[in-house]
file target23.cif (mmCIF, C-alpha atoms)
data_input
loop_
_atom_site.label_atom_id
_atom_site.label_comp_id
_atom_site.auth_asym_id
_atom_site.auth_seq_id
_atom_site.Cartn_x
_atom_site.Cartn_y
_atom_site.Cartn_z
CA MET A 208 36.85 10.50 11.46
CA ALA A 209 33.23 10.67 12.66
CA GLU A 210 30.85 9.19 15.21
CA ALA A 211 27.06 9.26 15.53
CA ASP A 212 24.03 7.34 16.78
CA LEU A 213 22.66 4.72 14.39
CA PRO A 214 19.28 3.28 15.34
CA THR A 215 18.56 0.02 13.52
CA ARG A 216 15.84 -2.60 13.74
CA TRP A 217 18.18 -4.68 15.93
CA ALA A 218 19.55 -2.07 18.35
CA ARG A 219 20.70 1.51 18.71
CA PHE A 220 24.36 1.40 17.71
CA ARG A 221 27.08 4.03 17.64
CA ILE A 222 28.61 4.24 14.17
CA LEU A 223 32.28 5.21 13.97
CA GLY A 224 34.00 6.08 10.70
CA PHE A 225 37.67 5.30 10.13
CA THR A 226 40.11 6.10 7.37
CA GLY A 227 43.65 4.86 6.97
CA PRO A 228 46.41 4.57 4.39
CA GLY A 229 45.86 2.33 1.40
CA ALA A 230 47.45 -1.11 1.20
CA THR A 231 50.11 0.31 -1.15
CA PRO A 232 51.43 3.87 -1.58
CA GLU A 233 49.49 4.28 -4.85
CA ALA A 234 46.25 2.81 -3.46
CA PRO A 235 43.49 5.15 -2.25
CA PRO A 236 42.95 5.46 1.51
CA GLU A 237 40.96 2.66 3.12
CA GLU A 238 37.65 3.44 4.80
CA ALA A 239 35.62 1.36 7.23
CA VAL A 240 32.85 1.82 9.75
CA VAL A 241 32.30 0.17 13.08
CA LEU A 242 28.90 -0.36 14.65
CA ARG A 243 29.45 -0.47 18.40
CA LEU A 244 26.96 -1.58 21.02
CA GLY A 245 27.29 -1.53 24.80
CA GLU A 246 30.29 -2.10 27.04
CA LEU A 247 32.71 -4.30 25.13
CA GLY A 248 34.25 -6.23 28.00
CA GLU A 249 37.34 -8.39 27.72
CA ALA A 250 36.47 -10.31 24.51
CA PRO A 251 33.60 -8.66 22.65
CA LEU A 252 31.56 -10.34 19.96
CA LEU A 253 32.92 -9.14 16.60
CA ARG A 254 31.95 -9.54 12.98
CA ILE A 255 34.30 -8.25 10.29
CA HIS A 256 32.06 -7.94 7.25
CA SER A 257 33.29 -7.16 3.75
CA GLN A 258 31.03 -4.95 1.70
CA CYS A 259 28.80 -6.85 -0.72
CA LEU A 260 26.63 -4.41 -2.67
CA THR A 261 24.76 -7.14 -4.49
CA GLY A 262 23.99 -9.09 -1.31
CA ASP A 263 23.85 -6.45 1.42
CA VAL A 264 21.84 -3.90 -0.58
CA PHE A 265 20.10 -5.76 -3.39
CA ALA A 266 19.48 -9.03 -1.44
CA SER A 267 21.19 -11.19 -4.06
CA LEU A 268 20.76 -14.91 -3.54
CA ARG A 269 24.12 -15.70 -5.20
CA CYS A 270 25.79 -15.41 -1.78
CA ASP A 271 24.91 -15.43 1.90
CA CYS A 272 26.48 -12.05 2.72
CA ARG A 273 23.29 -10.22 3.67
CA GLN A 274 22.12 -13.13 5.79
CA GLN A 275 25.47 -13.22 7.60
CA LEU A 276 25.34 -9.45 8.14
CA GLU A 277 21.85 -9.62 9.61
CA MET A 278 22.70 -12.68 11.70
CA ALA A 279 25.70 -10.83 13.16
CA LEU A 280 23.70 -7.69 13.96
CA GLU A 281 21.04 -9.81 15.63
CA ALA A 282 23.64 -11.72 17.67
CA ILE A 283 25.36 -8.53 18.83
CA ALA A 284 22.00 -7.01 19.78
CA ALA A 285 21.02 -10.19 21.67
CA ALA A 286 24.35 -10.11 23.54
CA GLY A 287 23.82 -6.45 24.39
CA ALA A 288 27.36 -5.59 23.32
CA GLY A 289 29.77 -6.07 20.45
CA LEU A 290 31.22 -4.70 17.25
CA LEU A 291 30.48 -5.00 13.57
CA LEU A 292 33.40 -3.78 11.46
CA TYR A 293 32.25 -3.12 7.88
CA GLU A 294 35.07 -2.87 5.35
CA GLN A 295 35.07 -1.80 1.70
CA LYS A 296 36.47 -5.09 0.40
CA GLU A 297 33.89 -5.83 -2.30
CA GLY A 298 34.21 -9.19 -4.03
CA ARG A 299 36.78 -10.53 -1.55
CA GLY A 300 38.89 -7.47 -2.30
CA ILE A 301 38.74 -7.34 -6.11
CA GLY A 302 36.30 -4.43 -6.31
CA LEU A 303 32.75 -4.07 -7.59
CA MET A 304 33.37 -4.00 -11.36
CA ASN A 305 35.70 -7.01 -11.19
CA LYS A 306 33.15 -8.81 -9.04
CA LEU A 307 30.54 -8.24 -11.75
CA ARG A 308 33.02 -9.59 -14.32
CA ALA A 309 33.48 -12.63 -12.06
CA TYR A 310 29.68 -13.03 -11.96
CA ALA A 311 29.63 -13.11 -15.78
CA LEU A 312 32.27 -15.86 -15.75
CA GLN A 313 30.23 -17.75 -13.16
CA ASP A 314 27.20 -17.47 -15.44
CA GLN A 315 29.33 -19.31 -18.04
CA GLY A 316 30.17 -22.15 -15.61
CA ALA A 317 33.19 -21.00 -13.58
CA ASP A 318 32.96 -21.15 -9.81
CA THR A 319 33.79 -18.13 -7.64
CA VAL A 320 37.44 -19.11 -7.12
CA GLU A 321 37.99 -20.00 -10.80
CA ALA A 322 36.40 -16.71 -11.90
CA ASN A 323 38.71 -14.64 -9.68
CA ARG A 324 41.74 -16.51 -11.02
CA MET A 325 40.58 -16.10 -14.63
CA LEU A 326 40.54 -12.34 -13.97
CA GLY A 327 44.12 -12.46 -12.65
CA PHE A 328 43.30 -12.31 -8.93
CA GLY A 329 43.84 -14.66 -6.07
CA ALA A 330 40.87 -16.52 -4.63
CA ASP A 331 40.73 -13.94 -1.81
CA GLU A 332 42.54 -10.60 -2.10
CA ARG A 333 41.56 -9.24 1.32
CA ASP A 334 43.89 -8.45 4.17
CA TYR A 335 42.88 -7.51 7.67
CA ALA A 336 45.66 -5.11 8.72
CA PHE A 337 43.33 -2.10 8.74
CA ALA A 338 40.69 -4.02 10.70
CA ALA A 339 43.29 -5.02 13.28
CA ALA A 340 44.52 -1.41 13.52
CA ILE A 341 40.95 -0.23 14.16
CA LEU A 342 40.49 -2.84 16.88
CA ARG A 343 43.75 -1.80 18.55
CA HIS A 344 42.62 1.85 18.36
CA LEU A 345 39.42 0.85 20.16
CA GLY A 346 41.45 -0.94 22.84
CA VAL A 347 40.26 -4.38 21.77
CA ARG A 348 42.93 -7.05 22.24
CA GLN A 349 40.81 -10.20 22.03
CA VAL A 350 37.48 -11.06 20.45
CA ARG A 351 34.79 -13.66 19.98
CA LEU A 352 34.77 -13.69 16.18
CA LEU A 353 31.57 -14.29 14.20
CA SER A 354 33.12 -15.94 11.15
CA ASN A 355 33.46 -19.12 9.12
CA ASN A 356 36.76 -18.01 7.55
CA PRO A 357 39.93 -19.51 9.06
CA GLU A 358 42.09 -16.98 7.17
CA LYS A 359 40.35 -14.15 9.02
CA ILE A 360 41.11 -15.84 12.34
CA ALA A 361 44.77 -16.37 11.40
CA ALA A 362 45.15 -12.78 10.14
CA LEU A 363 43.78 -11.30 13.36
CA GLU A 364 45.97 -13.56 15.49
CA GLN A 365 49.02 -12.63 13.41
CA ALA A 366 48.17 -8.93 13.90
CA GLY A 367 48.09 -9.38 17.68
CA ILE A 368 44.32 -9.65 18.18
CA ARG A 369 43.56 -12.87 20.08
CA VAL A 370 40.54 -14.82 18.85
CA ALA A 371 39.26 -16.25 22.12
CA GLU A 372 36.40 -18.01 20.35
CA ARG A 373 35.12 -18.53 16.83
CA VAL A 374 31.36 -18.15 16.71
CA PRO A 375 29.86 -19.76 13.58
CA CYS A 376 27.98 -17.38 11.30
CA GLN A 377 26.05 -19.75 9.04
CA PRO A 378 22.50 -18.76 8.15
CA PRO A 379 20.30 -21.21 6.26
CA PRO A 380 21.42 -20.92 2.62
CA ALA A 381 19.22 -20.01 -0.32
CA SER A 382 19.18 -22.78 -2.92
CA GLU A 383 20.90 -20.37 -5.37
CA ALA A 384 23.90 -20.05 -3.00
CA ARG A 385 24.52 -23.76 -2.32
CA ASP A 386 27.24 -24.21 -4.96
CA TYR A 387 28.89 -20.94 -3.89
CA LEU A 388 29.01 -22.16 -0.27
CA ARG A 389 30.29 -25.59 -1.33
CA VAL A 390 33.19 -23.89 -3.17
CA LYS A 391 33.93 -21.71 -0.13
CA LYS A 392 34.15 -24.85 2.00
CA GLU A 393 36.09 -27.03 -0.45
CA LYS A 394 38.43 -24.49 -2.07
CA LEU A 395 38.76 -21.75 0.57
CA GLY A 396 38.57 -23.92 3.68
CA HIS A 397 35.62 -22.10 5.23
CA LEU A 398 34.27 -23.81 8.32
CA LEU A 399 30.80 -24.67 7.08
CA GLY A 400 28.51 -27.53 8.06
#
call {"tool": "encode", "arguments": {"input": "target23.cif", "output": "structure tokens"}}
result
Amino acid sequence: MAEADLPTRWARFRILGFTGPGATPEAPPEEAVVLRLGELGEAPLLRIHSQCLTGDVFASLRCDCRQQLEMALEAIAAAGAGLLLYEQKEGRGIGLMNKLRAYALQDQGADTVEANRMLGFGADERDYAFAAAILRHLGVRQVRLLSNNPEKIAALEQAGIRVAERVPCQPPPASEARDYLRVKKEKLGHLLG
């Protein structure tokens, strides 16, 4: 939909805006942006990052989202090439208001997975079909994926995008996020040390 220069403290990226159909006929169109740096080569470094307003913008310590985002941007800049695909999948796909409701349940003792289920959602409601379609549009057929999420790897592979390598994306956690990360490892199978 649009493309422009985006200078950041890590590098001067090109930002590309994409829109596509919603996941269901009644769902609003999906939107995502890609930050692109350099010549991508055969298997570019890629981070698919789900929007996290509380972490990315407000620097919440409940999660490690902002730290992962910054780690990915730094890694892509250091490599001189790569992609960061930023999707509007707040709260693992449940949306901002439901994420805040999940936070309230967590304040009462539920963990992140239990809170989602108490609200009637799965532990992770995201899918990666739109991300895979964007990658295909960009001519990317294989990647080096900055991720700790095995479901993301499987979803890309199933969509025809080969994950040539998984690159861990594990910044040092804030003490406030330790239980959150433990639950991601134990209940969601994230590949964390």
call {"tool": "atom_distance", "arguments": {"input": "target23.cif", "atom1": "CA of Leu399 in chain A", "atom2": "CA of Met304 in chain A"}}
result
27.8 Å
call {"tool": "closest_residue", "arguments": {"input": "target23.cif", "among": "A:Ala336, A:Ala366, A:Leu252, A:Leu326", "to": "Ala288 in chain A", "atoms": "only C-alpha atoms"}}
result
A:Leu252
call {"tool": "axis_aligned_box", "arguments": {"input": "target23.cif", "around": "range 252-258 of chain A", "padding_each_side": "5 Å", "output": "AutoDock Vina command-line options"}}
result
--center_x 32.7 --center_y -7.6 --center_z 10.8 --size_x 13.3 --size_y 15.4 --size_z 28.3
call {"tool": "closest_residue", "arguments": {"input": "target23.cif", "among": "A:Asp334, A:Glu383, A:Glu321, A:Glu294", "to": "Lys359 in chain A", "atoms": "only C-alpha atoms"}}
result
A:Asp334
call {"tool": "resolve_selection", "arguments": {"input": "target23.cif", "expression": "the PyMOL selection byres ((chain A and resi 214-224) around 9)", "output": "mmCIF file with C-alpha atoms, in the frame of the given file"}}
result
data_model
loop_
_atom_site.group_PDB
_atom_site.id
_atom_site.type_symbol
_atom_site.label_atom_id
_atom_site.label_comp_id
_atom_site.auth_asym_id
_atom_site.auth_seq_id
_atom_site.Cartn_x
_atom_site.Cartn_y
_atom_site.Cartn_z
ATOM 1 C CA MET A 208 36.850 10.500 11.460
ATOM 2 C CA ALA A 209 33.230 10.670 12.660
ATOM 3 C CA GLU A 210 30.850 9.190 15.210
ATOM 4 C CA ALA A 211 27.060 9.260 15.530
ATOM 5 C CA ASP A 212 24.030 7.340 16.780
ATOM 6 C CA LEU A 213 22.660 4.720 14.390
ATOM 7 C CA PHE A 225 37.670 5.300 10.130
ATOM 8 C CA THR A 226 40.110 6.100 7.370
ATOM 9 C CA GLU A 238 37.650 3.440 4.800
ATOM 10 C CA ALA A 239 35.620 1.360 7.230
ATOM 11 C CA VAL A 240 32.850 1.820 9.750
ATOM 12 C CA VAL A 241 32.300 0.170 13.080
ATOM 13 C CA LEU A 242 28.900 -0.360 14.650
ATOM 14 C CA ARG A 243 29.450 -0.470 18.400
ATOM 15 C CA LEU A 244 26.960 -1.580 21.020
ATOM 16 C CA GLY A 245 27.290 -1.530 24.800
ATOM 17 C CA GLU A 277 21.850 -9.620 9.610
ATOM 18 C CA LEU A 280 23.700 -7.690 13.960
ATOM 19 C CA GLU A 281 21.040 -9.810 15.630
ATOM 20 C CA ILE A 283 25.360 -8.530 18.830
ATOM 21 C CA ALA A 284 22.000 -7.010 19.780
ATOM 22 C CA ALA A 285 21.020 -10.190 21.670
ATOM 23 C CA GLY A 287 23.820 -6.450 24.390
#
call {"tool": "atom_distance", "arguments": {"input": "target23.cif", "atom1": "CA of Gly229 in chain A", "atom2": "CA of Ile255 in chain A"}}
result
18.0 Å
call {"tool": "closest_atom_pairs", "arguments": {"input": "target23.cif", "of": "range 236-275 of chain A", "to": "range 384-389 of chain A", "cutoff": "12 Å", "atoms": "only C-alpha atoms", "output": "tab-separated table"}}
result
residue	atom	partner	partner_atom	distance
A:Gly262	CA	A:Ala384	CA	11.1
A:Ala266	CA	A:Ala384	CA	12.0
A:Ser267	CA	A:Ala384	CA	9.3
A:Leu268	CA	A:Ala384	CA	6.0
A:Arg269	CA	A:Ala384	CA	4.9
A:Cys270	CA	A:Ala384	CA	5.2
A:Asp271	CA	A:Ala384	CA	6.8
A:Cys272	CA	A:Ala384	CA	10.2
A:Arg273	CA	A:Ala384	CA	11.9
A:Gln274	CA	A:Ala384	CA	11.3
call {"tool": "atom_distance", "arguments": {"input": "target23.cif", "atom1": "CA of Glu237 in chain A", "atom2": "CA of Gln258 in chain A"}}
result
12.6 Å
call {"tool": "build_atoms", "arguments": {"input": "target23.cif", "residues": "range 276-297 of chain A", "atoms": "N, CA and C atoms", "output": "PDB file, in the frame of the given file"}}
result
ATOM      1  N   LEU A 276      25.358 -10.783   7.558  1.00  0.00           N
ATOM      2  CA  LEU A 276      25.340  -9.450   8.140  1.00  0.00           C
ATOM      3  C   LEU A 276      24.196  -9.317   9.145  1.00  0.00           C
ATOM      4  N   GLU A 277      23.012  -9.723   8.724  1.00  0.00           N
ATOM      5  CA  GLU A 277      21.850  -9.620   9.610  1.00  0.00           C
ATOM      6  C   GLU A 277      21.967 -10.550  10.807  1.00  0.00           C
ATOM      7  N   MET A 278      22.499 -11.753  10.598  1.00  0.00           N
ATOM      8  CA  MET A 278      22.700 -12.680  11.700  1.00  0.00           C
ATOM      9  C   MET A 278      23.663 -12.092  12.737  1.00  0.00           C
ATOM     10  N   ALA A 279      24.716 -11.447  12.259  1.00  0.00           N
ATOM     11  CA  ALA A 279      25.700 -10.830  13.160  1.00  0.00           C
ATOM     12  C   ALA A 279      25.086  -9.673  13.943  1.00  0.00           C
ATOM     13  N   LEU A 280      24.345  -8.809  13.270  1.00  0.00           N
ATOM     14  CA  LEU A 280      23.700  -7.690  13.960  1.00  0.00           C
ATOM     15  C   LEU A 280      22.717  -8.192  15.020  1.00  0.00           C
ATOM     16  N   GLU A 281      21.986  -9.228  14.679  1.00  0.00           N
ATOM     17  CA  GLU A 281      21.040  -9.810  15.630  1.00  0.00           C
ATOM     18  C   GLU A 281      21.765 -10.420  16.830  1.00  0.00           C
ATOM     19  N   ALA A 282      22.879 -11.107  16.585  1.00  0.00           N
ATOM     20  CA  ALA A 282      23.640 -11.720  17.670  1.00  0.00           C
ATOM     21  C   ALA A 282      24.248 -10.672  18.595  1.00  0.00           C
ATOM     22  N   ILE A 283      24.781  -9.606  18.019  1.00  0.00           N
ATOM     23  CA  ILE A 283      25.360  -8.530  18.830  1.00  0.00           C
ATOM     24  C   ILE A 283      24.272  -7.863  19.663  1.00  0.00           C
ATOM     25  N   ALA A 284      23.122  -7.608  19.049  1.00  0.00           N
ATOM     26  CA  ALA A 284      22.000  -7.010  19.780  1.00  0.00           C
ATOM     27  C   ALA A 284      21.545  -7.923  20.916  1.00  0.00           C
ATOM     28  N   ALA A 285      21.453  -9.233  20.647  1.00  0.00           N
ATOM     29  CA  ALA A 285      21.020 -10.190  21.670  1.00  0.00           C
ATOM     30  C   ALA A 285      22.021 -10.243  22.818  1.00  0.00           C
ATOM     31  N   ALA A 286      23.309 -10.106  22.507  1.00  0.00           N
ATOM     32  CA  ALA A 286      24.350 -10.110  23.540  1.00  0.00           C
ATOM     33  C   ALA A 286      24.373  -8.805  24.319  1.00  0.00           C
ATOM     34  N   GLY A 287      23.824  -7.751  23.733  1.00  0.00           N
ATOM     35  CA  GLY A 287      23.820  -6.450  24.390  1.00  0.00           C
ATOM     36  C   GLY A 287      25.115  -5.672  24.234  1.00  0.00           C
ATOM     37  N   ALA A 288      26.077  -6.262  23.525  1.00  0.00           N
ATOM     38  CA  ALA A 288      27.360  -5.590  23.320  1.00  0.00           C
ATOM     39  C   ALA A 288      28.105  -6.272  22.182  1.00  0.00           C
ATOM     40  N   GLY A 289      28.942  -5.508  21.508  1.00  0.00           N
ATOM     41  CA  GLY A 289      29.770  -6.070  20.450  1.00  0.00           C
ATOM     42  C   GLY A 289      30.070  -5.058  19.368  1.00  0.00           C
ATOM     43  N   LEU A 290      30.753  -5.545  18.350  1.00  0.00           N
ATOM     44  CA  LEU A 290      31.220  -4.700  17.250  1.00  0.00           C
ATOM     45  C   LEU A 290      30.934  -5.373  15.910  1.00  0.00           C
ATOM     46  N   LEU A 291      30.522  -4.564  14.956  1.00  0.00           N
ATOM     47  CA  LEU A 291      30.480  -5.000  13.570  1.00  0.00           C
ATOM     48  C   LEU A 291      31.376  -4.045  12.792  1.00  0.00           C
ATOM     49  N   LEU A 292      32.454  -4.577  12.231  1.00  0.00           N
ATOM     50  CA  LEU A 292      33.400  -3.780  11.460  1.00  0.00           C
ATOM     51  C   LEU A 292      33.102  -4.048   9.986  1.00  0.00           C
ATOM     52  N   TYR A 293      32.680  -3.004   9.276  1.00  0.00           N
ATOM     53  CA  TYR A 293      32.250  -3.120   7.880  1.00  0.00           C
ATOM     54  C   TYR A 293      33.302  -2.482   6.991  1.00  0.00           C
ATOM     55  N   GLU A 294      33.975  -3.339   6.196  1.00  0.00           N
ATOM     56  CA  GLU A 294      35.070  -2.870   5.350  1.00  0.00           C
ATOM     57  C   GLU A 294      34.651  -2.788   3.884  1.00  0.00           C
ATOM     58  N   GLN A 295      35.304  -1.913   3.140  1.00  0.00           N
ATOM     59  CA  GLN A 295      35.070  -1.800   1.700  1.00  0.00           C
ATOM     60  C   GLN A 295      36.011  -2.767   0.979  1.00  0.00           C
ATOM     61  N   LYS A 296      35.656  -4.035   1.022  1.00  0.00           N
ATOM     62  CA  LYS A 296      36.470  -5.090   0.400  1.00  0.00           C
ATOM     63  C   LYS A 296      35.581  -5.908  -0.531  1.00  0.00           C
ATOM     64  N   GLU A 297      34.869  -5.214  -1.375  1.00  0.00           N
ATOM     65  CA  GLU A 297      33.890  -5.830  -2.300  1.00  0.00           C
ATOM     66  C   GLU A 297      34.515  -6.983  -3.073  1.00  0.00           C
TER      67      GLU A 297
END
